[in-house]
Amino acid sequence: MKFKPKTEEEVKRLFDKGNYRFTVMDAKETTSKTSGRPMIELELELQHSNFAGKTNRIKCYLMTEEPNFEFLIRHFCYAVGMVDAYESGNLNASSLIGKEGIAL
């Protein structure tokens, strides 16, 4: 998926800060059914910080050229150690499987 990298000042935070460990269980490149834009659909396993051993799986979408998702793409890449991929503007879904990070 190709996208235009943004600086920290150009992206906006959509959620309150938190501290959640996650693992990418699955990732696939697809197209948004509503906008037709390229995106990566992620399945994340989140570990609850207040309940040891409790996890939840959620879907998360990284979509290009969508202001509400610019923050997510940037911070996801930084959280899983893929800064170079983000800065190059090219992210491959298959390289995300198994990546771990902390969502803040």
# chains A, B, ... in the order shown; residues from 1 in each chain; ligands from 1
$ select_by_dssp --residues "chain A" --states "strand (DSSP E)" --output "NGL selection string"
:A and (20-31 or 38-47 or 55-63 or 100-103)
$ residues_around --residues "stretch 34-44 of chain A" --least-positions-apart "4" --cutoff "7 Å" --atoms "only C-alpha atoms" --output "JSON, numbers by chain"
{"A": [1, 22, 23, 24, 25, 26, 27, 28, 29, 30, 57, 58, 59, 60, 61, 62, 63, 64, 93]}
$ closest_residue --among "A:Gly101, A:Arg21, A:Ser32, A:Leu96" --to "A:Lys54" --atoms "only C-alpha atoms"
A:Arg21
$ residues_around --residues "A:Asn90" --least-positions-apart "4" --cutoff "12 Å" --atoms "only C-alpha atoms" --output "JSON, numbers by chain"
{"A": [1, 2, 3, 4, 5, 38, 39, 40, 64, 73, 74, 77, 82, 83, 84, 85, 86, 95]}
$ write_last_selection --atoms "all heavy atoms" --output "short mmCIF file (atom, residue, chain, number, x, y, z; two decimals), in the first residue's frame"
data_model
loop_
_atom_site.label_atom_id
_atom_site.label_comp_id
_atom_site.auth_asym_id
_atom_site.auth_seq_id
_atom_site.Cartn_x
_atom_site.Cartn_y
_atom_site.Cartn_z
N MET A 1 0.86 -1.17 0.00
CA MET A 1 0.00 0.00 0.00
C MET A 1 0.90 1.22 0.00
O MET A 1 1.86 1.28 0.74
CB MET A 1 -0.92 -0.12 1.21
CG MET A 1 -1.20 1.09 2.00
SD MET A 1 -2.41 0.80 3.30
CE MET A 1 -1.41 1.20 4.70
N LYS A 2 0.63 2.16 -0.80
CA LYS A 2 1.38 3.41 -0.89
C LYS A 2 0.62 4.50 -0.14
O LYS A 2 -0.61 4.51 -0.14
CB LYS A 2 1.55 3.82 -2.35
CG LYS A 2 2.34 2.83 -3.15
CD LYS A 2 3.70 3.37 -3.40
CE LYS A 2 4.46 2.42 -4.29
NZ LYS A 2 5.83 2.33 -3.93
N PHE A 3 1.36 5.42 0.50
CA PHE A 3 0.74 6.53 1.22
C PHE A 3 1.75 7.65 1.37
O PHE A 3 2.94 7.47 1.13
CB PHE A 3 0.22 6.10 2.59
CG PHE A 3 1.30 5.56 3.49
CD1 PHE A 3 1.97 6.40 4.36
CD2 PHE A 3 1.63 4.23 3.45
CE1 PHE A 3 2.97 5.91 5.18
CE2 PHE A 3 2.64 3.73 4.27
CZ PHE A 3 3.30 4.57 5.13
N LYS A 4 1.28 8.82 1.77
CA LYS A 4 2.15 9.96 2.01
C LYS A 4 2.46 10.03 3.50
O LYS A 4 1.55 10.21 4.31
CB LYS A 4 1.48 11.26 1.56
CG LYS A 4 2.34 12.47 1.77
CD LYS A 4 1.65 13.75 1.37
CE LYS A 4 2.55 14.92 1.69
NZ LYS A 4 1.86 16.18 1.70
N PRO A 5 3.72 9.90 3.91
CA PRO A 5 4.07 10.00 5.33
C PRO A 5 3.73 11.38 5.89
O PRO A 5 3.79 12.38 5.18
CB PRO A 5 5.58 9.78 5.34
CG PRO A 5 5.91 9.15 4.04
CD PRO A 5 4.87 9.63 3.07
N PRO A 38 -7.09 1.92 -0.91
CA PRO A 38 -6.32 0.77 -0.44
C PRO A 38 -6.20 0.81 1.08
O PRO A 38 -6.10 1.88 1.67
CB PRO A 38 -4.96 0.93 -1.09
CG PRO A 38 -4.99 2.17 -1.89
CD PRO A 38 -6.31 2.83 -1.71
N MET A 39 -6.20 -0.38 1.69
CA MET A 39 -6.03 -0.44 3.14
C MET A 39 -5.45 -1.79 3.53
O MET A 39 -5.44 -2.73 2.73
CB MET A 39 -7.35 -0.20 3.86
CG MET A 39 -8.38 -1.26 3.72
SD MET A 39 -9.85 -0.82 4.67
CE MET A 39 -10.71 -2.37 4.63
N ILE A 40 -4.97 -1.86 4.75
CA ILE A 40 -4.53 -3.11 5.35
C ILE A 40 -5.47 -3.40 6.50
O ILE A 40 -5.68 -2.56 7.38
CB ILE A 40 -3.07 -3.04 5.84
CG1 ILE A 40 -2.13 -2.84 4.64
CG2 ILE A 40 -2.70 -4.30 6.62
CD1 ILE A 40 -0.67 -2.69 5.00
N THR A 64 -5.22 4.53 3.50
CA THR A 64 -4.48 5.66 2.94
C THR A 64 -5.42 6.82 2.62
O THR A 64 -6.62 6.65 2.44
CB THR A 64 -3.77 5.26 1.64
OG1 THR A 64 -4.74 4.91 0.66
CG2 THR A 64 -2.83 4.10 1.86
N ILE A 73 -1.84 5.01 11.12
CA ILE A 73 -0.77 4.41 10.31
C ILE A 73 0.59 4.78 10.88
O ILE A 73 1.45 3.91 11.09
CB ILE A 73 -0.86 4.86 8.84
CG1 ILE A 73 -2.12 4.29 8.18
CG2 ILE A 73 0.39 4.40 8.06
CD1 ILE A 73 -2.38 4.85 6.79
N ARG A 74 0.79 6.05 11.14
CA ARG A 74 2.09 6.52 11.65
C ARG A 74 2.44 5.84 12.98
O ARG A 74 3.52 5.27 13.14
CB ARG A 74 2.08 8.03 11.83
CG ARG A 74 3.37 8.58 12.39
CD ARG A 74 3.32 10.10 12.55
NE ARG A 74 4.47 10.60 13.24
CZ ARG A 74 5.65 10.84 12.68
NH1 ARG A 74 5.82 10.63 11.40
NH2 ARG A 74 6.66 11.30 13.40
N CYS A 77 3.12 1.97 12.86
CA CYS A 77 4.46 1.65 12.35
C CYS A 77 5.54 1.90 13.39
O CYS A 77 6.46 1.10 13.55
CB CYS A 77 4.74 2.43 11.07
SG CYS A 77 3.79 1.85 9.64
N MET A 82 8.63 -0.35 12.71
CA MET A 82 8.72 -0.27 11.25
C MET A 82 8.78 1.18 10.77
O MET A 82 8.08 1.59 9.85
CB MET A 82 7.56 -1.02 10.62
CG MET A 82 7.60 -2.51 10.96
SD MET A 82 6.48 -3.50 10.01
CE MET A 82 7.27 -3.45 8.41
N VAL A 83 9.63 1.95 11.43
CA VAL A 83 9.81 3.36 11.10
C VAL A 83 10.27 3.53 9.66
O VAL A 83 9.75 4.38 8.92
CB VAL A 83 10.80 4.03 12.07
CG1 VAL A 83 11.08 5.47 11.67
CG2 VAL A 83 10.28 3.94 13.50
N ASP A 84 11.23 2.72 9.23
CA ASP A 84 11.74 2.84 7.86
C ASP A 84 10.65 2.58 6.83
O ASP A 84 10.58 3.28 5.82
CB ASP A 84 12.92 1.89 7.64
CG ASP A 84 14.17 2.30 8.41
OD1 ASP A 84 14.25 3.47 8.83
OD2 ASP A 84 15.05 1.45 8.59
N ALA A 85 9.81 1.58 7.08
CA ALA A 85 8.71 1.29 6.15
C ALA A 85 7.76 2.47 6.10
O ALA A 85 7.30 2.87 5.02
CB ALA A 85 7.97 0.03 6.58
N TYR A 86 7.46 3.07 7.25
CA TYR A 86 6.57 4.23 7.27
C TYR A 86 7.17 5.39 6.49
O TYR A 86 6.52 5.99 5.64
CB TYR A 86 6.25 4.67 8.70
CG TYR A 86 5.35 5.88 8.70
CD1 TYR A 86 3.99 5.74 8.49
CD2 TYR A 86 5.87 7.17 8.83
CE1 TYR A 86 3.15 6.84 8.43
CE2 TYR A 86 5.05 8.27 8.77
CZ TYR A 86 3.69 8.10 8.57
OH TYR A 86 2.87 9.21 8.50
N SER A 95 4.48 -8.48 6.12
CA SER A 95 5.59 -8.20 7.05
C SER A 95 5.09 -7.80 8.44
O SER A 95 5.90 -7.67 9.36
CB SER A 95 6.48 -7.09 6.48
OG SER A 95 5.80 -5.87 6.44
#
$ select_by_dssp --residues "chain A" --states "alpha helix (DSSP H)" --output "number ranges by chain"
A: 67-79, 83-88
$ decode --residues "stretch 79-98 of chain A" --atoms "N, CA, C and O atoms" --output "PDB file, in the first residue's frame"
ATOM      1  N   ALA A  79       5.113   1.889  16.644  1.00  0.00           N
ATOM      2  CA  ALA A  79       4.913   0.959  17.767  1.00  0.00           C
ATOM      3  C   ALA A  79       5.490  -0.422  17.488  1.00  0.00           C
ATOM      4  O   ALA A  79       5.940  -1.100  18.406  1.00  0.00           O
ATOM      5  N   VAL A  80       5.480  -0.852  16.231  1.00  0.00           N
ATOM      6  CA  VAL A  80       5.971  -2.196  15.904  1.00  0.00           C
ATOM      7  C   VAL A  80       7.389  -2.172  15.318  1.00  0.00           C
ATOM      8  O   VAL A  80       7.876  -3.177  14.815  1.00  0.00           O
ATOM      9  N   GLY A  81       8.054  -1.020  15.379  1.00  0.00           N
ATOM     10  CA  GLY A  81       9.434  -0.928  14.933  1.00  0.00           C
ATOM     11  C   GLY A  81       9.617  -0.880  13.426  1.00  0.00           C
ATOM     12  O   GLY A  81      10.648  -1.312  12.916  1.00  0.00           O
ATOM     13  N   MET A  82       8.631  -0.347  12.708  1.00  0.00           N
ATOM     14  CA  MET A  82       8.719  -0.270  11.246  1.00  0.00           C
ATOM     15  C   MET A  82       8.778   1.180  10.774  1.00  0.00           C
ATOM     16  O   MET A  82       8.082   1.588   9.853  1.00  0.00           O
ATOM     17  N   VAL A  83       9.632   1.949  11.429  1.00  0.00           N
ATOM     18  CA  VAL A  83       9.805   3.361  11.104  1.00  0.00           C
ATOM     19  C   VAL A  83      10.266   3.531   9.657  1.00  0.00           C
ATOM     20  O   VAL A  83       9.746   4.376   8.923  1.00  0.00           O
ATOM     21  N   ASP A  84      11.231   2.721   9.228  1.00  0.00           N
ATOM     22  CA  ASP A  84      11.741   2.839   7.863  1.00  0.00           C
ATOM     23  C   ASP A  84      10.653   2.578   6.831  1.00  0.00           C
ATOM     24  O   ASP A  84      10.576   3.276   5.819  1.00  0.00           O
ATOM     25  N   ALA A  85       9.812   1.581   7.078  1.00  0.00           N
ATOM     26  CA  ALA A  85       8.709   1.289   6.153  1.00  0.00           C
ATOM     27  C   ALA A  85       7.755   2.473   6.098  1.00  0.00           C
ATOM     28  O   ALA A  85       7.299   2.866   5.022  1.00  0.00           O
ATOM     29  N   TYR A  86       7.460   3.071   7.252  1.00  0.00           N
ATOM     30  CA  TYR A  86       6.566   4.227   7.268  1.00  0.00           C
ATOM     31  C   TYR A  86       7.173   5.388   6.491  1.00  0.00           C
ATOM     32  O   TYR A  86       6.523   5.986   5.640  1.00  0.00           O
ATOM     33  N   GLU A  87       8.423   5.706   6.793  1.00  0.00           N
ATOM     34  CA  GLU A  87       9.072   6.843   6.149  1.00  0.00           C
ATOM     35  C   GLU A  87       9.237   6.647   4.648  1.00  0.00           C
ATOM     36  O   GLU A  87       9.283   7.609   3.899  1.00  0.00           O
ATOM     37  N   SER A  88       9.284   5.397   4.194  1.00  0.00           N
ATOM     38  CA  SER A  88       9.388   5.134   2.759  1.00  0.00           C
ATOM     39  C   SER A  88       8.029   5.256   2.071  1.00  0.00           C
ATOM     40  O   SER A  88       7.953   5.338   0.849  1.00  0.00           O
ATOM     41  N   GLY A  89       6.948   5.241   2.866  1.00  0.00           N
ATOM     42  CA  GLY A  89       5.605   5.333   2.293  1.00  0.00           C
ATOM     43  C   GLY A  89       5.151   4.033   1.659  1.00  0.00           C
ATOM     44  O   GLY A  89       4.254   4.018   0.823  1.00  0.00           O
ATOM     45  N   ASN A  90       5.745   2.903   2.076  1.00  0.00           N
ATOM     46  CA  ASN A  90       5.381   1.615   1.509  1.00  0.00           C
ATOM     47  C   ASN A  90       5.338   0.569   2.616  1.00  0.00           C
ATOM     48  O   ASN A  90       6.347   0.288   3.251  1.00  0.00           O
ATOM     49  N   LEU A  91       4.163  -0.004   2.827  1.00  0.00           N
ATOM     50  CA  LEU A  91       3.956  -0.960   3.907  1.00  0.00           C
ATOM     51  C   LEU A  91       3.384  -2.248   3.328  1.00  0.00           C
ATOM     52  O   LEU A  91       2.401  -2.211   2.598  1.00  0.00           O
ATOM     53  N   ASN A  92       3.998  -3.373   3.647  1.00  0.00           N
ATOM     54  CA  ASN A  92       3.577  -4.670   3.149  1.00  0.00           C
ATOM     55  C   ASN A  92       2.862  -5.428   4.261  1.00  0.00           C
ATOM     56  O   ASN A  92       3.436  -5.655   5.330  1.00  0.00           O
ATOM     57  N   ALA A  93       1.627  -5.862   4.010  1.00  0.00           N
ATOM     58  CA  ALA A  93       0.816  -6.523   5.041  1.00  0.00           C
ATOM     59  C   ALA A  93       1.485  -7.774   5.595  1.00  0.00           C
ATOM     60  O   ALA A  93       1.473  -8.011   6.809  1.00  0.00           O
ATOM     61  N   SER A  94       2.085  -8.587   4.744  1.00  0.00           N
ATOM     62  CA  SER A  94       2.671  -9.851   5.211  1.00  0.00           C
ATOM     63  C   SER A  94       3.818  -9.631   6.196  1.00  0.00           C
ATOM     64  O   SER A  94       4.087 -10.487   7.031  1.00  0.00           O
ATOM     65  N   SER A  95       4.480  -8.477   6.125  1.00  0.00           N
ATOM     66  CA  SER A  95       5.586  -8.199   7.047  1.00  0.00           C
ATOM     67  C   SER A  95       5.093  -7.796   8.440  1.00  0.00           C
ATOM     68  O   SER A  95       5.902  -7.675   9.363  1.00  0.00           O
ATOM     69  N   LEU A  96       3.796  -7.617   8.611  1.00  0.00           N
ATOM     70  CA  LEU A  96       3.249  -7.167   9.893  1.00  0.00           C
ATOM     71  C   LEU A  96       2.873  -8.325  10.826  1.00  0.00           C
ATOM     72  O   LEU A  96       2.783  -8.145  12.037  1.00  0.00           O
ATOM     73  N   ILE A  97       2.628  -9.502  10.271  1.00  0.00           N
ATOM     74  CA  ILE A  97       2.169 -10.640  11.076  1.00  0.00           C
ATOM     75  C   ILE A  97       3.231 -11.002  12.103  1.00  0.00           C
ATOM     76  O   ILE A  97       4.404 -11.154  11.776  1.00  0.00           O
ATOM     77  N   GLY A  98       2.797 -11.115  13.350  1.00  0.00           N
ATOM     78  CA  GLY A  98       3.702 -11.446  14.456  1.00  0.00           C
ATOM     79  C   GLY A  98       4.339 -10.242  15.117  1.00  0.00           C
ATOM     80  O   GLY A  98       4.963 -10.381  16.175  1.00  0.00           O
TER      81      GLY A  98
END
